[in-house]
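One structure is given here, and the rest of the page talks about it.
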Amino acid sequence: TPDVVVAVDGPAAAGKTTTCVALADRFRLGYLESGRTYRVIAFEALRRGVPTGDRENLVALCDELLHESRDQDLLTSERYQAADLRSPSVNVAVSDVARVDELRKRVTQLVRLWAQRQVRCIIEGRDIGTVVFPSASIKFYLTASPEVRALRRLEQERRGSYEDVLKDVIRRDRADMSRTVSPLVPADDAITIDTTELTLNEVLGQMSSVCERSV
Ligand code: C5P
């Protein structure tokens with residue numbers, strides 16, 4: 001395992017990616033966005049016509065993708081465009097994908113394998129501090145009100161109406177928090193940061209001061 005694992009979990013659009021990229025740069029950490037893998041599986045399911053409610057075939061699809069990509073590549077493949085992976089249809093399908101225990105086990109395994117090749121890393125997701133790396137050196141749980149997260153997402157992606165983006169944020173919160181396998185919850189030892197009333201720099205300041213002590 002790496003010397004340092006920083007786990008960053010939290011609901012959709014809480015600022016995980018933006019802060020992780022900045023911290024990775026500042027503290028020279030390998031960075032992994034674990035949600036991307038769930039999105040790749042969802043995107044391929046839609047493209048290949050695998051119904052996302054069909055667990056067995058989703059798992060078969062995942063194994064096929066792993067085979068085609070020789071495992072590691074599925075995490076970091078450059079073949080996929082951000083716009084494709086973040087489309088509204090993938091946003092819906094990914095919640096189905098993330099519910100399937102057998103898929104989660106495979107993604108967890110991939111993330112752990114990736115981390116083994118890092119000396120220090122920062123990983124964002126929903127279950128990094130709780131399931132994937134329960135012994136992570138530092139655990140952050142980033143959150144903000146749904147309304148603020150929807151506004152930030154809208155500013156960032158400039159797609160759709162505020163009402164639609166807010167609905168999607170609330171729907172994904174519900175799906176991520178209420179699923180039976182690896183639901184989204186803060187780890188007991190996570191540092192929770194509610195960013196609703198904070199600027200990006202304030203959030204980064206808080207996270208950096210924690211990292212300075214142990215990274
Ligand atoms: O982080 P992002 O919003 O791209 O993640 C997309 C979806 O993938 C989440 O809504 C969640 O259902 C799932 N996910 C997960 N566990 C992770 C990362 C993402 O279940 N570690």
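In the structure tokens, each chain is lettered A, B, ... as it comes, each chain's residues begin at 1, and ligands are numbered from 1 in order of appearance.
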
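Taking only C-alpha atoms and all ligand atoms into account, every polymer residue with at least one atom at most 7 Å away from ligand 1 is listed here: Ala12, Ala13, Glu33, Ser34, Gly35, Arg36, Tyr38, Arg39, Asn91, Val94, Ser95, Ala98, Glu124, Gly125, Arg126, Asp127, Ile128, Arg172, Ala175 and Asp176 of chain A.
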
Which neighbours of Val132 of chain A fall inside 9 Å, counting only C-alpha atoms, when residues of the same chain fewer than 2 positions from it are skipped, and could you give them as a PDB file with C-alpha atoms, in the first residue's frame?
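As a result, selection_7.pdb now contains:
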```pdb
ATOM      1  CA  THR A 108     -12.702  -1.494  -5.506  1.00  0.00           C
ATOM      2  CA  GLN A 109     -10.116  -4.029  -6.572  1.00  0.00           C
ATOM      3  CA  VAL A 111      -8.666   1.203  -7.278  1.00  0.00           C
ATOM      4  CA  ARG A 112      -6.579  -0.736  -4.748  1.00  0.00           C
ATOM      5  CA  ASP A 127     -16.830   4.946  -0.376  1.00  0.00           C
ATOM      6  CA  ILE A 128     -13.069   5.521  -0.381  1.00  0.00           C
ATOM      7  CA  GLY A 129     -12.717   6.251   3.340  1.00  0.00           C
ATOM      8  CA  THR A 130     -15.370   3.722   4.378  1.00  0.00           C
ATOM      9  CA  PRO A 134     -10.675   2.309   5.686  1.00  0.00           C
ATOM     10  CA  SER A 135      -7.128   2.925   6.910  1.00  0.00           C
ATOM     11  CA  ALA A 136      -6.521   6.015   4.740  1.00  0.00           C
TER      12      ALA A 136
END
```

Can you pull out the residues contacting Leu23 of chain A? Cut-off 10 Å, using only C-alpha atoms, and skip same-chain residues under 2 positions away; I want them as a list in words. Val6, Thr17, Thr18, Thr19, Cys20, Val21, Asp25, Arg26, Phe27, Arg28, Leu29, Gly30, Tyr31, Cys121, Ile122, Leu204, Met207, Ser208 and Cys211 of chain A

Those residues you just picked out, can you put them in a file as a short mmCIF file (atom, residue, chain, number, x, y, z; two decimals), in the first residue's frame with N, CA and C atoms?
```cif
data_model
loop_
_atom_site.label_atom_id
_atom_site.label_comp_id
_atom_site.auth_asym_id
_atom_site.auth_seq_id
_atom_site.Cartn_x
_atom_site.Cartn_y
_atom_site.Cartn_z
N VAL A 6 -5.03 9.85 0.72
CA VAL A 6 -6.02 10.85 1.14
C VAL A 6 -7.34 10.47 0.48
N THR A 17 -13.72 16.98 -7.12
CA THR A 17 -12.72 16.97 -8.20
C THR A 17 -11.84 18.21 -8.17
N THR A 18 -12.45 19.37 -8.06
CA THR A 18 -11.69 20.62 -8.08
C THR A 18 -10.66 20.66 -6.96
N THR A 19 -11.09 20.28 -5.75
CA THR A 19 -10.16 20.35 -4.63
C THR A 19 -9.09 19.27 -4.73
N CYS A 20 -9.50 18.08 -5.19
CA CYS A 20 -8.50 16.99 -5.30
C CYS A 20 -7.41 17.34 -6.30
N VAL A 21 -7.81 17.89 -7.44
CA VAL A 21 -6.82 18.24 -8.46
C VAL A 21 -5.83 19.26 -7.89
N ASP A 25 -1.77 18.53 -7.01
CA ASP A 25 -0.71 19.35 -7.58
C ASP A 25 0.17 19.93 -6.46
N ARG A 26 -0.47 20.44 -5.45
CA ARG A 26 0.27 21.10 -4.37
C ARG A 26 1.13 20.13 -3.56
N PHE A 27 0.59 18.93 -3.29
CA PHE A 27 1.33 17.99 -2.44
C PHE A 27 1.95 16.84 -3.22
N ARG A 28 1.92 16.95 -4.55
CA ARG A 28 2.48 15.91 -5.42
C ARG A 28 1.94 14.52 -5.09
N LEU A 29 0.65 14.40 -5.27
CA LEU A 29 -0.03 13.13 -5.00
C LEU A 29 -0.59 12.59 -6.32
N GLY A 30 -0.53 11.28 -6.51
CA GLY A 30 -1.23 10.68 -7.64
C GLY A 30 -2.72 10.88 -7.41
N TYR A 31 -3.47 11.19 -8.47
CA TYR A 31 -4.90 11.50 -8.29
C TYR A 31 -5.77 10.52 -9.06
N CYS A 121 -1.11 9.24 -2.64
CA CYS A 121 -2.19 9.50 -3.58
C CYS A 121 -3.42 10.10 -2.91
N ILE A 122 -4.25 10.68 -3.76
CA ILE A 122 -5.53 11.24 -3.31
C ILE A 122 -6.61 10.64 -4.21
N LEU A 204 -9.95 24.91 0.24
CA LEU A 204 -8.58 24.43 0.00
C LEU A 204 -7.66 24.74 1.16
N MET A 207 -8.34 22.16 3.87
CA MET A 207 -7.83 20.82 3.50
C MET A 207 -6.30 20.82 3.51
N SER A 208 -5.71 21.90 3.01
CA SER A 208 -4.24 21.97 2.94
C SER A 208 -3.63 21.94 4.33
N CYS A 211 -3.50 18.49 5.43
CA CYS A 211 -2.51 17.72 4.67
C CYS A 211 -1.08 18.10 5.09
#
```

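Here atom CA of Pro186 of chain A stands at a distance of 8.9 Å from atom CA of Lys139 of chain A.
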
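Nearest-residue note for Leu58 of chain A: choosing from A:Ala22, A:Glu78, A:Ser87, A:Asp101, the minimum distance belongs to A:Asp101, counting only C-alpha atoms.
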
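For the choices A:His67, A:Arg149, A:Arg213, A:Arg179, the atom-to-atom distance to Leu166 of chain A is smallest for A:Arg149 when using only C-alpha atoms.
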